[in-house]
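**Q** One structure follows; several queries about it will come next.
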Amino acid sequence: MYQESEIVDLLMVIFLTPIMVANVRAIHVPDKRWFVGGYLAVALGYVFTVLEGFIAPEALNTAEHLSHAVVGALFFGGALSMFRSARARVSEQR
Amino acid sequence: MSAVALFDATALVFLAAAFVLLAATPPRDDGISRGLKYPLLIGIGLLIFVSLSNVLEQAGITQVLDEYEDYAEVLFVPLVAYILYSRSSAEQLRLAEDAEREMRREHELLMSVVETTPAGIVVAETGGTVSFANDEARHVLGLPAPSFPVQASEAVAADLTAIVASAPVRGIRYRGFAAPEGAWYAVSATPLSGSLSDTGGSWSSRWIVARASCSKRTASSSARTSRTSGCWPT
């Protein structure tokens, strides 16, 4: 069965994501696609968390934890890309 | 090791590595600024906490973090929304500041051109109120040092009123501005859509450009470079 906090998480994703879309388009952050992908994976994980209380608990639980691994990989990719571009700029300045 | 435990361990390793890399990334205004870096670190820190809780739970070590895991998950989405909103606001503010700086630069350029042009340029209203006059126009109209709006003298005000009333006009020959006999001016005037003064009456403002026609000027060529003995009557 689902928990209240999981429903709250999902509701926040549902209501805040459309607002965030406009801001994501407006900002200029290098390699933001990695982080956008990571956020979407988090949101997907919340959906799986709630759904596993109704259907296919084992499969959706595995999918939820898989989404966590994907979040980690995407955030790592974004951080690595930011780190490299920042280092490249520092090297250019020298 | 179950698939779930493997995924949790993978997430923890990647997120920890992302945290370290991001912490080591030097902040820059045009890249990852301080205002973006530290909230992002907090966001990744929350996810690390969730993954750590899952790993400890899957490994059968402890479930003590499990009840706090929910708080971390609840905080994550609003934090992301805050990061995006603050970043977006900061960028919009920077754009507005850049635009204002550019506008001031263009204004200074325009004013330097207007002030140094040999033609007199006036923004006037019906009744002879002058909202702006460049150096040449102030000299011709006998206006005081730049302090606008200012009311022109009675004779000049009558001339300005006549020109304002006839706008738009282009290159008409006009004899006036209390000038000495024989001095003519080529005058152009156009309505302005806005006002340069705080006195209101923007719809009656006219941008007037006047230059002497020099029909009876007898000044020597060397005197042509002098403002006071150029085309304008002295």
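Chains: A, B, ... in order of the structure tokens. Residues: from 1 per chain. Ligands: from 1, in order shown.
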Could you work out which residues of chain B fall inside 9 Å of chain A? Count only C-alpha atoms, and format the result as number ranges by chain.
**A** B: 3-22, 24-28, 30-32, 44, 47-48, 51, 54, 70-71, 73-78, 80-81, 84-85, 87-89, 91-92
**Q** Name the residues of segment 44-222 of chain B that fall into strand (DSSP E) according to DSSP on the backbone, using the chain letters and numbers of this document, as a PyMOL selection string.
**A** chain B and resi 120-124+129-133+150-151+169-174+185-191+206-212
**Q** Atoms to include: N, CA and C atoms. Write the selected residues as a CSV table (one decimal), in the first residue's frame.
**A**
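Output saved as again09.csv:
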```csv
chain,number,residue,atom,x,y,z
B,120,GLY,N,20.7,73.5,-34.4
B,120,GLY,CA,20.0,73.6,-33.1
B,120,GLY,C,18.9,72.6,-33.0
B,121,ILE,N,18.8,71.9,-31.9
B,121,ILE,CA,17.7,70.9,-31.7
B,121,ILE,C,17.0,71.2,-30.4
B,122,VAL,N,15.7,71.3,-30.6
B,122,VAL,CA,14.8,71.7,-29.4
B,122,VAL,C,13.6,70.8,-29.3
B,123,VAL,N,13.3,70.5,-28.1
B,123,VAL,CA,12.0,69.8,-27.8
B,123,VAL,C,11.1,70.9,-27.1
B,124,ALA,N,10.1,71.3,-27.8
B,124,ALA,CA,9.3,72.4,-27.3
B,124,ALA,C,7.8,72.0,-27.3
B,129,THR,N,7.3,76.3,-23.8
B,129,THR,CA,8.0,75.5,-22.8
B,129,THR,C,9.0,74.6,-23.5
B,130,VAL,N,10.3,74.7,-23.2
B,130,VAL,CA,11.3,74.0,-23.8
B,130,VAL,C,11.7,72.8,-22.9
B,131,SER,N,11.5,71.6,-23.3
B,131,SER,CA,11.9,70.4,-22.5
B,131,SER,C,13.4,70.0,-22.7
B,132,PHE,N,13.9,70.4,-23.9
B,132,PHE,CA,15.3,70.1,-24.2
B,132,PHE,C,15.8,71.0,-25.3
B,133,ALA,N,17.0,71.4,-25.2
B,133,ALA,CA,17.6,72.2,-26.2
B,133,ALA,C,19.1,71.9,-26.2
B,150,VAL,N,12.2,74.7,-19.3
B,150,VAL,CA,12.4,76.1,-19.1
B,150,VAL,C,11.4,76.9,-20.1
B,151,GLN,N,11.0,78.0,-19.6
B,151,GLN,CA,10.1,78.8,-20.5
B,151,GLN,C,10.9,79.8,-21.3
B,169,VAL,N,6.6,69.7,-40.2
B,169,VAL,CA,7.1,70.5,-41.3
B,169,VAL,C,8.6,70.1,-41.6
B,170,ARG,N,9.0,70.3,-42.8
B,170,ARG,CA,10.4,69.9,-43.1
B,170,ARG,C,11.1,70.9,-43.9
B,171,GLY,N,12.1,71.5,-43.4
B,171,GLY,CA,13.0,72.4,-44.2
B,171,GLY,C,12.4,73.7,-44.6
B,172,ILE,N,11.4,74.2,-43.8
B,172,ILE,CA,10.8,75.5,-44.2
B,172,ILE,C,11.8,76.6,-43.8
B,173,ARG,N,11.7,77.7,-44.6
B,173,ARG,CA,12.6,78.8,-44.3
B,173,ARG,C,11.8,79.7,-43.2
B,174,TYR,N,12.5,80.0,-42.2
B,174,TYR,CA,11.8,80.7,-41.1
B,174,TYR,C,12.7,81.8,-40.6
B,185,TYR,N,16.4,80.8,-41.1
B,185,TYR,CA,16.6,79.4,-40.6
B,185,TYR,C,15.9,78.5,-41.4
B,186,ALA,N,16.5,77.3,-41.7
B,186,ALA,CA,15.8,76.2,-42.3
B,186,ALA,C,15.3,75.4,-41.1
B,187,VAL,N,14.0,75.2,-40.9
B,187,VAL,CA,13.4,74.6,-39.7
B,187,VAL,C,12.6,73.3,-40.1
B,188,SER,N,12.9,72.3,-39.4
B,188,SER,CA,12.1,71.1,-39.5
B,188,SER,C,11.5,70.8,-38.1
B,189,ALA,N,10.3,70.3,-38.1
B,189,ALA,CA,9.6,70.0,-36.8
B,189,ALA,C,8.8,68.7,-37.0
B,190,THR,N,8.8,67.9,-36.0
B,190,THR,CA,8.0,66.7,-36.0
B,190,THR,C,7.4,66.4,-34.7
B,191,PRO,N,6.2,65.8,-34.6
B,191,PRO,CA,5.6,65.5,-33.3
B,191,PRO,C,6.4,64.4,-32.6
B,206,ARG,N,7.1,68.8,-29.7
B,206,ARG,CA,7.6,68.7,-31.0
B,206,ARG,C,9.1,68.7,-31.0
B,207,TRP,N,9.7,68.0,-31.8
B,207,TRP,CA,11.1,67.9,-32.0
B,207,TRP,C,11.5,68.8,-33.1
B,208,ILE,N,12.2,69.9,-32.8
B,208,ILE,CA,12.4,70.9,-33.8
B,208,ILE,C,13.9,70.9,-34.2
B,209,VAL,N,14.3,70.9,-35.4
B,209,VAL,CA,15.6,71.0,-35.8
B,209,VAL,C,15.7,72.2,-36.7
B,210,ALA,N,16.6,73.1,-36.3
B,210,ALA,CA,16.7,74.4,-37.0
B,210,ALA,C,18.2,74.7,-37.4
B,211,ARG,N,18.5,75.1,-38.5
B,211,ARG,CA,19.8,75.5,-38.9
B,211,ARG,C,19.7,76.8,-39.7
B,212,ALA,N,20.7,77.6,-39.6
B,212,ALA,CA,20.7,78.9,-40.3
B,212,ALA,C,20.9,78.7,-41.8
```
**Q** What does the distance from atom CA of Ala96 of chain B to atom CA of Trp34 of chain A come to in Å, to one decimal?
**A**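 Result for atom CA of Ala96 of chain B versus atom CA of Trp34 of chain A: 28.2 Å, one decimal.
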**Q** Taking 2 positions as the minimum chain separation for residues in the same chain, which residues sit within 7 Å of Gly128 of chain B when counting only C-alpha atoms? Answer as JSON, numbers by chain.
**A** {"B": [124, 125, 126, 130, 151, 152, 157, 158, 160, 161]}
**Q** Put those residues in a file: N, CA and C atoms, as an mmCIF file, in the first residue's frame.
**A**
```cif
data_model
loop_
_atom_site.group_PDB
_atom_site.id
_atom_site.type_symbol
_atom_site.label_atom_id
_atom_site.label_comp_id
_atom_site.auth_asym_id
_atom_site.auth_seq_id
_atom_site.Cartn_x
_atom_site.Cartn_y
_atom_site.Cartn_z
ATOM 1 N N ALA B 124 10.084 71.283 -27.809
ATOM 2 C CA ALA B 124 9.283 72.393 -27.285
ATOM 3 C C ALA B 124 7.808 72.034 -27.300
ATOM 4 N N GLU B 125 7.056 72.784 -26.510
ATOM 5 C CA GLU B 125 5.614 72.584 -26.455
ATOM 6 C C GLU B 125 4.914 73.897 -26.789
ATOM 7 N N THR B 126 3.656 73.771 -27.111
ATOM 8 C CA THR B 126 2.874 74.968 -27.377
ATOM 9 C C THR B 126 2.923 75.882 -26.145
ATOM 10 N N VAL B 130 10.281 74.746 -23.170
ATOM 11 C CA VAL B 130 11.335 73.950 -23.804
ATOM 12 C C VAL B 130 11.729 72.821 -22.860
ATOM 13 N N GLN B 151 10.992 78.031 -19.646
ATOM 14 C CA GLN B 151 10.087 78.834 -20.470
ATOM 15 C C GLN B 151 10.919 79.825 -21.283
ATOM 16 N N ALA B 152 10.735 79.794 -22.609
ATOM 17 C CA ALA B 152 11.473 80.712 -23.468
ATOM 18 C C ALA B 152 10.933 82.128 -23.298
ATOM 19 N N ALA B 157 9.147 82.345 -27.543
ATOM 20 C CA ALA B 157 8.005 81.461 -27.279
ATOM 21 C C ALA B 157 6.965 81.572 -28.391
ATOM 22 N N ALA B 158 6.774 82.768 -28.889
ATOM 23 C CA ALA B 158 5.806 82.957 -29.976
ATOM 24 C C ALA B 158 6.264 82.212 -31.230
ATOM 25 N N LEU B 160 8.340 79.587 -31.307
ATOM 26 C CA LEU B 160 8.262 78.138 -31.047
ATOM 27 C C LEU B 160 6.823 77.652 -31.144
ATOM 28 N N THR B 161 5.906 78.440 -30.615
ATOM 29 C CA THR B 161 4.483 78.074 -30.664
ATOM 30 C C THR B 161 4.015 77.958 -32.115
#
```
**Q** Can you measure atom CA of Gly35 of chain B to atom CA of Glu97 of chain B for me? One decimal in Å is fine.
**A**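 So the two atoms, atom CA of Gly35 of chain B and atom CA of Glu97 of chain B, lie 17.9 Å apart.
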